[in-house]
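J.: Below are the structure tokens for one structure; questions will follow.
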Number of protein chains: 10
Amino acid sequence: MKRAEVTEKILTAKRMKELSWEEIAKKIGGASKIIVTAACMGQMKMTKEQATKAGKLFGLGKEEVLLLQEVPYRGSLPQIPPTDPLIYRFYELVQVYGTTWKELIQEEFGDGIMSAIDFDMTMERQPDQKGDRVKIAMSGKFLGYKSY
Amino acid sequence: MKRAEVTEKILTAKRMKELSWEEIAKKIGGASKIIVTAACMGQMKMTKEQATKAGKLFGLGKEEVLLLQEVPYRGSLPQIPPTDPLIYRFYELVQVYGTTWKELIQEEFGDGIMSAIDFDMTMERQPDQKGDRVKIAMSGKFLGYKSY
Amino acid sequence: MKRAEVTEKILTAKRMKELSWEEIAKKIGGASKIIVTAACMGQMKMTKEQATKAGKLFGLGKEEVLLLQEVPYRGSLPQIPPTDPLIYRFYELVQVYGTTWKELIQEEFGDGIMSAIDFDMTMERQPDQKGDRVKIAMSGKFLGYKSY
Amino acid sequence: MKRAEVTEKILTAKRMKELSWEEIAKKIGGASKIIVTAACMGQMKMTKEQATKAGKLFGLGKEEVLLLQEVPYRGSLPQIPPTDPLIYRFYELVQVYGTTWKELIQEEFGDGIMSAIDFDMTMERQPDQKGDRVKIAMSGKFLGYKSY
Amino acid sequence: MKRAEVTEKILTAKRMKELSWEEIAKKIGGASKIIVTAACMGQMKMTKEQATKAGKLFGLGKEEVLLLQEVPYRGSLPQIPPTDPLIYRFYELVQVYGTTWKELIQEEFGDGIMSAIDFDMTMERQPDQKGDRVKIAMSGKFLGYKSY
Amino acid sequence: MKRAEVTEKILTAKRMKELSWEEIAKKIGGASKIIVTAACMGQMKMTKEQATKAGKLFGLGKEEVLLLQEVPYRGSLPQIPPTDPLIYRFYELVQVYGTTWKELIQEEFGDGIMSAIDFDMTMERQPDQKGDRVKIAMSGKFLGYKSY
Amino acid sequence: MKRAEVTEKILTAKRMKELSWEEIAKKIGGASKIIVTAACMGQMKMTKEQATKAGKLFGLGKEEVLLLQEVPYRGSLPQIPPTDPLIYRFYELVQVYGTTWKELIQEEFGDGIMSAIDFDMTMERQPDQKGDRVKIAMSGKFLGYKSY
Amino acid sequence: MKRAEVTEKILTAKRMKELSWEEIAKKIGGASKIIVTAACMGQMKMTKEQATKAGKLFGLGKEEVLLLQEVPYRGSLPQIPPTDPLIYRFYELVQVYGTTWKELIQEEFGDGIMSAIDFDMTMERQPDQKGDRVKIAMSGKFLGYKSY
Amino acid sequence: MKRAEVTEKILTAKRMKELSWEEIAKKIGGASKIIVTAACMGQMKMTKEQATKAGKLFGLGKEEVLLLQEVPYRGSLPQIPPTDPLIYRFYELVQVYGTTWKELIQEEFGDGIMSAIDFDMTMERQPDQKGDRVKIAMSGKFLGYKSY
Amino acid sequence: MKRAEVTEKILTAKRMKELSWEEIAKKIGGASKIIVTAACMGQMKMTKEQATKAGKLFGLGKEEVLLLQEVPYRGSLPQIPPTDPLIYRFYELVQVYGTTWKELIQEEFGDGIMSAIDFDMTMERQPDQKGDRVKIAMSGKFLGYKSY
């Protein structure tokens with residue numbers, strides 16, 4: 001059994017029960033909506049408690065519940081560059097602003113990176129008269145190159 | 001003359017005069033530090049006023065000042081996936097969280113995308129006892145698929 | 001269940017019932033023929049009403065009808081560049097006229113893009129003595145780069 | 001001497017003389033603004049008369065004027081998929097609507113393609129209260145597969 | 001059901017009945033041996049009459065017979081460059097002679113292409129003392145770039 | 001010095017002297033127009049006699065004349081798939097008819113290939129009321145797989 | 001049924017019966033061990049006699065025996081560059097010595113290639129005090145470029 | 001200065017002095033003709049003595065002579081798959097016989113590889129009535145996977 | 001049956017019996033934990049004894065136990081560059097330090113490579129106040145290029 | 001001026017002065033030999049003091065000395081997979097052992113990665129009767145996925 005099959009099974013259950021990610025995140029708990037969604041999409045692991053709740057919610061079997069507790073082989077996109085327009089726009093931001101991020105982060109912090117592991121993210125709707133906006137806030141620990 | 005040559009000339013001037021992007025953004029003005037840096041890196045256009053100031057600051061010729069006012073052919077990375085670790089981490093976020101962003105934005109807003117054109121971004125240092133963090137806030141207008 | 005399986009099932013039903021897209025679009029309604037066809041091909045979502053009609057027309061099950069109402073992961077081509085000659089010709093237009101479109105749209109509108117989201121399209125037969133022509137008219141909202 | 005060098009020289013002259021494509025097309029004449037721009041961008045050939053006028057307008061040498069009269073090796077994009085957002089949106093249309101175009105053109109015309117050679121195109125600004133739109137109309141001769 | 005499955009079924013029937021393409025083309029009729037073979041390989045459509053005969057010859061079901069009458073998504077090779085030596089040699093001809101064909105066709109006909117749609121082809125054995133030769137004759141309509 | 005530089009120099013001379021390939025082939029002689037053109041395009045070697053004539057015709061130096069007598073590193077296309085429409089059409093023929101050629105050549109000759117080395121080709125204009133046609137005839141020795 | 005399925009079935013039979021290629025080649029006969037192995041791996045065709053013996057040895061059905069007599073679509077590697085270290089080393093030889101082979105073969109034979117079709121190969125163990133060696137001898141007919 | 005520039009300079013000298021690799025190998029000495037040619041092509045290093053002789057023979061400067069003594073960054077082909085027909089045939093052998101080599105070497109020697117480092121090669125002309133043959137003999141030490 | 005199916009079956013058994021690699025390595029024995037894990041992941045072969053124990057531990061059938069004793073087609077990653085962040089970091093080390101390794105190994109040892117076949121590796125936890133560290137020690141035999 | 005040009009200049013100076021990396025590291029100081037070499041190869045930055053010493057040692061100009069103090073755009077390989085055999089072997093280790101590293105690191109530490117930023121490495125010669133070995137020890141901080 002592969003993690004992708006569990007993801008597909010979860011999506012079927014979500015669809016048939018007409019659940020939103022909002023509701024799923026509340027029922028599984030233990031982490032933010034983003035992390036719970038990512039775990040259901042096969043990109044994060046769940047704790048034993050979360051996986052047990054997910055198993056009940058989605059009607060999963062024993063191996064599936066165990067699989068949700070394993071670290072997945074990450075990577076959620078079928079191709080790169082992503083063909084889906086919503087996801088592509090994020091990829092475009094990397095293309096256009098990549099070198100700018102590098103210049104500014106390094107000017108502020110020195111040589112290193114923004115961690116994508118010790119990393120936090122929120123997403124919210126920002127009401128705006130000219131059309132509501134998607135607001136994403138990311139915060140990752142700065143990790144400086146060490147010289148031993 | 002190509003835009004990449006202007007970028008290289010700007011980087012040489014910045015290096016020799018030991019200017020920071022902070023100082024450059026203040027001297028050129030008219031936009032945030034991110035946008036001014038992106039323009040210097042060849043990803044955004046400058047207004048006539050900005051370009052004239054940039055010309056003085058960096059010692060550019062007439063064609064170079066005009067070129068800064070043209071819309072560039074965007075795309076700042078020599079290869080994809082980016083080999084530079086700092087930029088790669090952003091690419092990794094797209095790989096890992098891409099489908100999660102899609103699920104959550106669409107659950108909240110319906111079918112559409114977060115604009116990468118009508119788009120705003122800030123970057124700041126977030127002090128933290130366990131190590132300071134890079135904080136990036138993005139805000140893009142939601143654009144819904146229209147059915148005519 | 002995956003969206004591609006619904007597309008395959010729809011194509012089988014269309015074939016066995018010898019339906020044209022013209023007829024399908026009329027029976028499903030609620031949008032232009034292009035959008036209905038794109039939805040059947042797995043590239044657009046349907047409204048609840050459209051999906052219910054599609055379910056009856058094609059003999060789909062409950063999950064399939066629900067799936068048609070979800071935003072699909074877009075991207076309709078098995079490879080890029082497309083190997084099919086009809087689709088390749090459009091790709092060729094992008095290759096040959098891409099930079100010309102960029103120059104002319106930006107000269108007319110300034111820095112920005114033609115939206116592929118707030119976008120409309122028609123396709124029609126244009127009778128012509130030397131051989132009829134395919135006429136495609138596209139109209140997309142201009143979105144200008146904002147500087148916050 | 002390569003055609004790309006003539007394009008670069010033309011772009012420098014256009015920049016220094018602050019000419020628009022509108023003006024250039026008028027001065028060179030003999031074809032639509034799209035075709036003249038495409039020829040300057042190295043994608044179409046010019047007639048002897050057009051090339052001579054272009055030579056005067058841009059200050060080109062003898063070989064450059066001759067080169068403008070040769071059929072170029074077509075293909076205007078430095079990479080595929082295009083990294084520039086304006087051009088990428090057209091590529092995205094091919095990705096999303098490619099199979100739909102195939103279905104509908106073939107339903108209407110039978111087995112064949114829309115020519116990208118016997119092809120015409122116009123581009124215009126479409127005023128709209130919610131924001132002006134880019135309108136592109138394409139018309140290509142239908143070419144049916146022949147069975148000899 | 002996909003066209004590739006029909007191709008596989010046809011190849012199984014051909015194998016089990018020990019039919020040659022020569023015989024198949026005679027029994028299906030209505031086009032040259034090349035076109036009939038290409039249709040069986042999933043690259044051309046059949047007429048209703050041809051498909052009905054093919055259905056009988058190969059023992060196909062109703063949907064399969066209908067599928068043979070649809071325009072296929074063309075492209076017959078699993079990878080490019082083709083790994084099979086016989087097919088690779090044709091690809092090599094494009095690599096080596098591509099620019100030569102361009103020069104000579106354009107010198108003779110002006111700016112345009114040789115159509116791959118209004119196109120005819122024959123293949124025959126050419127006896128030769130030093131070893132027989134494969135002789136392929138292609139004829140495609142010249143299509144000139146139009147300037148509207 | 002590289003062969004591509006000799007090709008560029010030859011193309012400049014051809015352009016400035018307004019020579020056709022027809023005329024060049026006559027002046028250099030010793031092979032068909034296709035082979036002479038291919039040699040000028042950097043895909044075939046010339047004999048000493050041909051290279052000497054080419055040297056005079058195009059005003060080449062000693063090393064350039066010697067280089068024309070060396071076997072080139074073959075491959076004439078800057079990218080694959082070729083972006084130029086004329087050359088792409090040949091590539092499309094390989095995509096669409098590749099497996100058909102394989103089936104028919106092997107049915108006629110057994111296991112083997114059509115040589116692209118012991119290979120001959122002609123190209124001519126075929127007058128036709130519905131528009132003239134490009135006619136290409138290829139003939140390559142059949143080489144059967146040997147089993148030692 | 002596809003040739004790859006026959007290969008998989010043969011490998012299962014070989015494994016369960018604990019046969020070596022040495023034994024298989026003796027039982028099937030009619031060609032060298034290399035060619036018989038290549039045929040079992042789906043890269044060469046068998047004669048009727050060989051295929052019948054293979055059918056008995058491996059317990060194959062009628063279609064499978066017929067399939068072994070067809071020319072396969074050649075190409076035995078799942079990716080290029082090959083990820084398997086043993087096969088990669090051969091690929092590395094092409095990378096490192098490719099241009100050297102070209103120089104030396106052409107110096108000795110003139111313009112042409114070493115045939116990979118009229119080609120023979122042996123492989124043997126070469127005892128050596130410092131560790132035994134793999135010895136591979138290849139011999140391919142030289143084919144000179146013909147100028148018609 | 002890069003190794004590729006030294007290679008180009010050596011090839012120019014070889015051309016102008018009309019030297020063969022045979023003669024070059026004799027004059028430089030210290031290794032087989034294959035190794036000397038590979039070193040001149042930028043794939044092997046020379047000893048001090050060899051490089052000094054090469055410097056005299058080709059008229060190289062001090063840095064060039066030193067560069068010939070450095071281990072090069074290996075890899076001699078501008079693209080993969082190689083577009084040159086002579087080199088492609090070797091690549092084709094890897095494609096077709098790769099898995100066969102793996103099976104047979106491992107049956108004979110166990111788990112491991114044929115070294116491409118502790119490796120020897122000869123190339124010779126094999127006279128043959130049906131056309132002379134290129135004979136290549138390779139011998140590489142077998143290296144078995146160790147389990148510590 | 002393919003090796004990947006055995007790997008999947010082993011992973012299911014490991015999951016259901018909640019075994020660690022530590023425990024598995026002890027039960028199978030005969031090699032280090034790294035090698036046993038790699039063998040279970042389909043990258044190394046097992047001895048007869050190891051495979052028999054693995055068969056009992058994981059409940060494998062006869063063919064599966066035999067398959068574990070065959071040399072696998074190596075290559076454990078579904079794509080390159082690897083999308084999984086843990087594995088990508090190793091790939092990044094090759095990108096960043098690759099040329100440095102080349103310089104230093106060659107300075108110390110001369111022209112050659114570090115064997116990836118006669119190769120040993122250990123992995124351990126290194127306690128550290130600022131956060132524990134992963135310590136990996138690799139040791140591969142140096143193999144020098146031989147000149148025969 | 002680009003960092004790659006400084007690298008080339010440093011390599012020329014190293015070559016002409018016949019310096020070893022050992023000596024260079026001692027003269028520049030302030031970090032291990034690996035880090036100093038990596039900085040010279042354009043993959044790490046130098047401190048002001050190191051860069052000044054490097055400037056004197058290699059005869060660099062003011063901008064070059066400043067450039068050495070900037071964080072480079074990392075990525076040292078001209079292609080991936082690397083064509084150079086020494087570097088390829090490391091890439092092969094990632095291919096073969098990648099999933100094993102993932103399993104074992106995650107079993108020991110939980111979900112996270114080995115940092116390639118807070119990372120240390122040593123390389124040394126390990127004398128061995130059967131041939132000396134290259135010993136590389138890596139130590140990277142474990143970074144666990146955080147759930148905010």
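In the structure tokens, the first chain shown is A, the next is B, and so on; residue numbers restart at 1 for each chain, and ligands run from 1 in the order shown.
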What lies within 8 Å of F:Lys141 using only C-alpha atoms, ignoring chain neighbours under 2 positions off, as a PDB file with C-alpha atoms, in the first residue's frame?
T.:
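Final output, saved to around_0.pdb:
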ATOM      1  CA  GLY E 131      21.759  -4.751 -51.181  1.00  0.00           C
ATOM      2  CA  ASP E 132      18.147  -3.740 -51.628  1.00  0.00           C
ATOM      3  CA  ARG E 133      17.091  -0.263 -50.604  1.00  0.00           C
ATOM      4  CA  VAL E 134      14.104   1.227 -48.825  1.00  0.00           C
TER       5      VAL E 134
ATOM      6  CA  MET F 114      17.036   1.876 -43.396  1.00  0.00           C
ATOM      7  CA  SER F 115      20.545   3.279 -43.423  1.00  0.00           C
ATOM      8  CA  ASP F 118      24.310   4.793 -47.251  1.00  0.00           C
ATOM      9  CA  PHE F 119      21.515   7.143 -48.084  1.00  0.00           C
ATOM     10  CA  SER F 139      16.480   5.914 -50.569  1.00  0.00           C
ATOM     11  CA  LEU F 143      20.715  -3.187 -43.232  1.00  0.00           C
TER      12      LEU F 143
END
J.: Excluding same-chain residues fewer than 4 positions from G:Glu22, what lies within 12 Å of it counting only C-alpha atoms, as a list in words?
T.: Lys14, Glu18, Lys26, Lys27, Ile28, Gly29, Ser32, Lys33, Ile34, Ile35, Val36 and Thr37 of chain G; Glu103, Leu104, Ile105, Glu107 and Glu108 of chain H
J.: Using the selection just defined, write its residues with all heavy atoms as a CSV table (one decimal), in the first residue's frame.
T.:
chain,number,residue,atom,x,y,z
G,14,LYS,N,12.9,-18.3,-15.2
G,14,LYS,CA,14.3,-18.5,-15.0
G,14,LYS,C,14.6,-18.6,-13.5
G,14,LYS,O,15.4,-19.4,-13.0
G,14,LYS,CB,15.0,-17.3,-15.6
G,14,LYS,CG,16.5,-17.2,-15.3
G,14,LYS,CD,17.1,-16.0,-16.0
G,14,LYS,CE,18.7,-15.9,-15.8
G,14,LYS,NZ,19.1,-15.8,-14.4
G,18,GLU,N,15.7,-21.8,-11.4
G,18,GLU,CA,17.1,-21.6,-11.1
G,18,GLU,C,18.0,-21.9,-12.3
G,18,GLU,O,19.0,-22.6,-12.2
G,18,GLU,CB,17.5,-22.3,-9.8
G,18,GLU,CG,16.6,-21.9,-8.7
G,18,GLU,CD,17.1,-22.2,-7.3
G,18,GLU,OE1,18.4,-22.3,-7.1
G,18,GLU,OE2,16.3,-22.3,-6.4
G,26,LYS,N,22.1,-22.5,-24.2
G,26,LYS,CA,22.3,-23.9,-24.7
G,26,LYS,C,21.0,-24.5,-25.1
G,26,LYS,O,20.9,-25.1,-26.2
G,26,LYS,CB,23.0,-24.8,-23.7
G,26,LYS,CG,24.5,-24.6,-23.8
G,26,LYS,CD,25.3,-25.6,-22.9
G,26,LYS,CE,26.7,-25.2,-22.7
G,26,LYS,NZ,27.1,-25.3,-21.3
G,27,LYS,N,20.0,-24.4,-24.3
G,27,LYS,CA,18.7,-25.1,-24.6
G,27,LYS,C,18.0,-24.4,-25.8
G,27,LYS,O,17.3,-25.1,-26.5
G,27,LYS,CB,17.8,-25.1,-23.3
G,27,LYS,CG,18.3,-26.1,-22.3
G,27,LYS,CD,17.5,-26.3,-21.1
G,27,LYS,CE,18.1,-27.4,-20.3
G,27,LYS,NZ,17.8,-27.3,-18.9
G,28,ILE,N,18.1,-23.1,-25.9
G,28,ILE,CA,17.4,-22.4,-27.0
G,28,ILE,C,18.2,-22.5,-28.3
G,28,ILE,O,17.7,-22.8,-29.4
G,28,ILE,CB,17.1,-21.0,-26.6
G,28,ILE,CG1,16.0,-21.0,-25.5
G,28,ILE,CG2,16.6,-20.2,-27.9
G,28,ILE,CD1,15.6,-19.6,-25.0
G,29,GLY,N,19.5,-22.3,-28.1
G,29,GLY,CA,20.4,-22.4,-29.3
G,29,GLY,C,20.2,-21.5,-30.4
G,29,GLY,O,19.4,-20.5,-30.3
G,32,SER,N,24.5,-16.8,-30.3
G,32,SER,CA,25.4,-16.7,-29.2
G,32,SER,C,24.6,-16.4,-27.9
G,32,SER,O,23.4,-16.0,-27.9
G,32,SER,CB,26.4,-15.6,-29.4
G,32,SER,OG,25.6,-14.4,-29.3
G,33,LYS,N,25.3,-16.6,-26.8
G,33,LYS,CA,24.7,-16.4,-25.5
G,33,LYS,C,24.2,-14.9,-25.3
G,33,LYS,O,23.1,-14.7,-24.8
G,33,LYS,CB,25.7,-16.7,-24.4
G,33,LYS,CG,25.1,-16.6,-23.0
G,33,LYS,CD,26.1,-17.2,-21.9
G,33,LYS,CE,27.3,-16.4,-21.7
G,33,LYS,NZ,28.1,-16.8,-20.6
G,34,ILE,N,25.0,-14.0,-25.9
G,34,ILE,CA,24.6,-12.6,-25.8
G,34,ILE,C,23.3,-12.4,-26.6
G,34,ILE,O,22.4,-11.7,-26.0
G,34,ILE,CB,25.7,-11.7,-26.4
G,34,ILE,CG1,26.8,-11.6,-25.3
G,34,ILE,CG2,25.2,-10.4,-26.8
G,34,ILE,CD1,28.0,-10.7,-25.7
G,35,ILE,N,23.2,-12.9,-27.7
G,35,ILE,CA,21.9,-12.7,-28.5
G,35,ILE,C,20.7,-13.3,-27.9
G,35,ILE,O,19.6,-12.8,-27.8
G,35,ILE,CB,22.2,-13.1,-30.0
G,35,ILE,CG1,23.3,-12.3,-30.7
G,35,ILE,CG2,20.9,-13.0,-30.8
G,35,ILE,CD1,23.0,-10.8,-30.8
G,36,VAL,N,20.9,-14.6,-27.4
G,36,VAL,CA,19.8,-15.2,-26.8
G,36,VAL,C,19.3,-14.5,-25.5
G,36,VAL,O,18.1,-14.2,-25.3
G,36,VAL,CB,20.1,-16.7,-26.4
G,36,VAL,CG1,19.0,-17.3,-25.6
G,36,VAL,CG2,20.4,-17.5,-27.7
G,37,THR,N,20.3,-14.0,-24.7
G,37,THR,CA,19.9,-13.2,-23.5
G,37,THR,C,19.2,-12.0,-24.0
G,37,THR,O,18.2,-11.6,-23.4
G,37,THR,CB,21.2,-12.9,-22.7
G,37,THR,OG1,21.9,-14.1,-22.4
G,37,THR,CG2,20.8,-12.2,-21.4
H,103,GLU,N,23.0,-8.6,-17.0
H,103,GLU,CA,22.7,-10.0,-16.7
H,103,GLU,C,23.9,-10.9,-16.8
H,103,GLU,O,24.2,-11.7,-15.9
H,103,GLU,CB,21.6,-10.5,-17.7
H,103,GLU,CG,20.2,-9.9,-17.4
H,103,GLU,CD,19.6,-10.3,-16.1
H,103,GLU,OE1,19.8,-11.5,-15.6
H,103,GLU,OE2,18.9,-9.5,-15.5
H,104,LEU,N,24.6,-10.8,-17.9
H,104,LEU,CA,25.7,-11.7,-18.2
H,104,LEU,C,26.9,-11.5,-17.3
H,104,LEU,O,27.6,-12.4,-16.8
H,104,LEU,CB,26.1,-11.7,-19.6
H,104,LEU,CG,25.0,-12.2,-20.6
H,104,LEU,CD1,25.5,-12.1,-22.0
H,104,LEU,CD2,24.6,-13.6,-20.2
H,105,ILE,N,27.3,-10.2,-17.1
H,105,ILE,CA,28.4,-9.9,-16.2
H,105,ILE,C,28.1,-10.4,-14.8
H,105,ILE,O,29.0,-11.0,-14.1
H,105,ILE,CB,28.8,-8.4,-16.2
H,105,ILE,CG1,29.3,-8.0,-17.6
H,105,ILE,CG2,29.8,-8.1,-15.1
H,105,ILE,CD1,29.6,-6.5,-17.7
H,107,GLU,N,26.0,-12.7,-13.9
H,107,GLU,CA,26.0,-14.2,-13.8
H,107,GLU,C,27.4,-14.8,-13.7
H,107,GLU,O,27.6,-15.7,-13.0
H,107,GLU,CB,25.3,-14.8,-15.1
H,107,GLU,CG,25.3,-16.3,-15.1
H,107,GLU,CD,24.3,-16.8,-16.1
H,107,GLU,OE1,23.2,-16.4,-16.2
H,107,GLU,OE2,24.7,-17.7,-16.9
H,108,GLU,N,28.3,-14.1,-14.4
H,108,GLU,CA,29.7,-14.7,-14.4
H,108,GLU,C,30.5,-14.2,-13.2
H,108,GLU,O,31.2,-15.0,-12.6
H,108,GLU,CB,30.4,-14.1,-15.7
H,108,GLU,CG,31.9,-14.5,-15.8
H,108,GLU,CD,32.1,-16.0,-16.0
H,108,GLU,OE1,31.2,-16.6,-16.7
H,108,GLU,OE2,33.1,-16.5,-15.6
J.: I'd like to know which residues of chain A are helix (DSSP H, G or I) (by DSSP, run on the backbone); could you write them as a PyMOL selection string?
T.: chain A and resi 3-16+21-28+33-40+48-58+62-67+85-109
J.: Keeping only C-alpha atoms, write the selected residues as a compact mmCIF listing (two decimals), in the first residue's frame.
T.:
# COMPACT_ATOMS: atom_id res chain seq x y z
CA ARG A 3 0.65 6.78 0.74
CA ALA A 4 -0.94 8.13 -2.48
CA GLU A 5 -3.68 5.50 -2.16
CA VAL A 6 -4.49 6.72 1.35
CA THR A 7 -4.69 10.28 0.04
CA GLU A 8 -7.08 9.19 -2.68
CA LYS A 9 -9.21 7.32 -0.15
CA ILE A 10 -9.32 10.36 2.15
CA LEU A 11 -10.37 12.61 -0.75
CA THR A 12 -13.17 10.21 -1.66
CA ALA A 13 -14.44 10.17 1.93
CA LYS A 14 -14.21 13.98 2.16
CA ARG A 15 -16.18 14.26 -1.09
CA MET A 16 -18.88 11.75 -0.17
CA TRP A 21 -10.88 21.05 5.43
CA GLU A 22 -12.02 23.42 8.16
CA GLU A 23 -14.20 20.68 9.64
CA ILE A 24 -11.60 17.98 9.12
CA ALA A 25 -8.94 20.04 10.87
CA LYS A 26 -11.26 20.57 13.82
CA LYS A 27 -12.11 16.90 14.09
CA ILE A 28 -8.54 15.66 13.80
CA LYS A 33 -5.48 23.61 9.43
CA ILE A 34 -2.56 23.89 7.02
CA ILE A 35 -0.63 21.06 8.63
CA VAL A 36 -3.67 18.79 8.90
CA THR A 37 -4.53 19.39 5.27
CA ALA A 38 -0.93 18.76 4.24
CA ALA A 39 -0.95 15.51 6.21
CA CYS A 40 -4.15 14.39 4.46
CA LYS A 48 -0.96 8.34 16.66
CA GLU A 49 -3.89 10.25 18.10
CA GLN A 50 -4.48 12.26 14.94
CA ALA A 51 -4.22 9.19 12.74
CA THR A 52 -6.73 7.30 14.86
CA LYS A 53 -9.22 10.14 14.58
CA ALA A 54 -8.56 10.41 10.84
CA GLY A 55 -9.10 6.66 10.56
CA LYS A 56 -12.53 6.98 12.13
CA LEU A 57 -13.49 10.08 10.19
CA PHE A 58 -12.53 8.64 6.81
CA LYS A 62 -5.35 -0.56 10.18
CA GLU A 63 -2.48 -0.28 7.69
CA GLU A 64 -3.79 3.06 6.44
CA VAL A 65 -3.87 4.46 9.97
CA LEU A 66 -0.30 3.27 10.49
CA LEU A 67 0.80 4.74 7.19
CA PRO A 85 -2.65 27.81 -12.58
CA LEU A 86 -3.14 28.31 -8.83
CA ILE A 87 0.02 26.42 -7.96
CA TYR A 88 1.95 27.82 -10.89
CA ARG A 89 1.57 31.37 -9.55
CA PHE A 90 3.62 30.40 -6.49
CA TYR A 91 6.23 28.85 -8.73
CA GLU A 92 6.26 32.10 -10.74
CA LEU A 93 6.97 34.04 -7.56
CA VAL A 94 10.07 31.90 -7.03
CA GLN A 95 11.12 32.54 -10.64
CA VAL A 96 10.65 36.30 -10.42
CA TYR A 97 11.57 37.09 -6.81
CA GLY A 98 14.08 34.29 -6.09
CA THR A 99 17.22 36.35 -6.49
CA THR A 100 15.63 39.31 -4.67
CA TRP A 101 14.85 37.13 -1.64
CA LYS A 102 18.44 35.93 -1.69
CA GLU A 103 19.84 39.45 -1.74
CA LEU A 104 17.61 40.80 1.01
CA ILE A 105 17.72 37.85 3.40
CA GLN A 106 21.47 37.72 3.13
CA GLU A 107 21.84 41.46 3.61
CA GLU A 108 19.80 41.23 6.80
CA PHE A 109 21.05 37.94 8.21
J.: For chain J, which residues have at least one atom within 7 Å of chain A, if we go by only C-alpha atoms? Write them as a ChimeraX atom specification, please.
T.: /J:31,71,111,117-120,143-148
J.: As a PyMOL selection string, please: every residue in chain A that DSSP puts in strand (DSSP E or B).
T.: chain A and resi 112-126+133-144
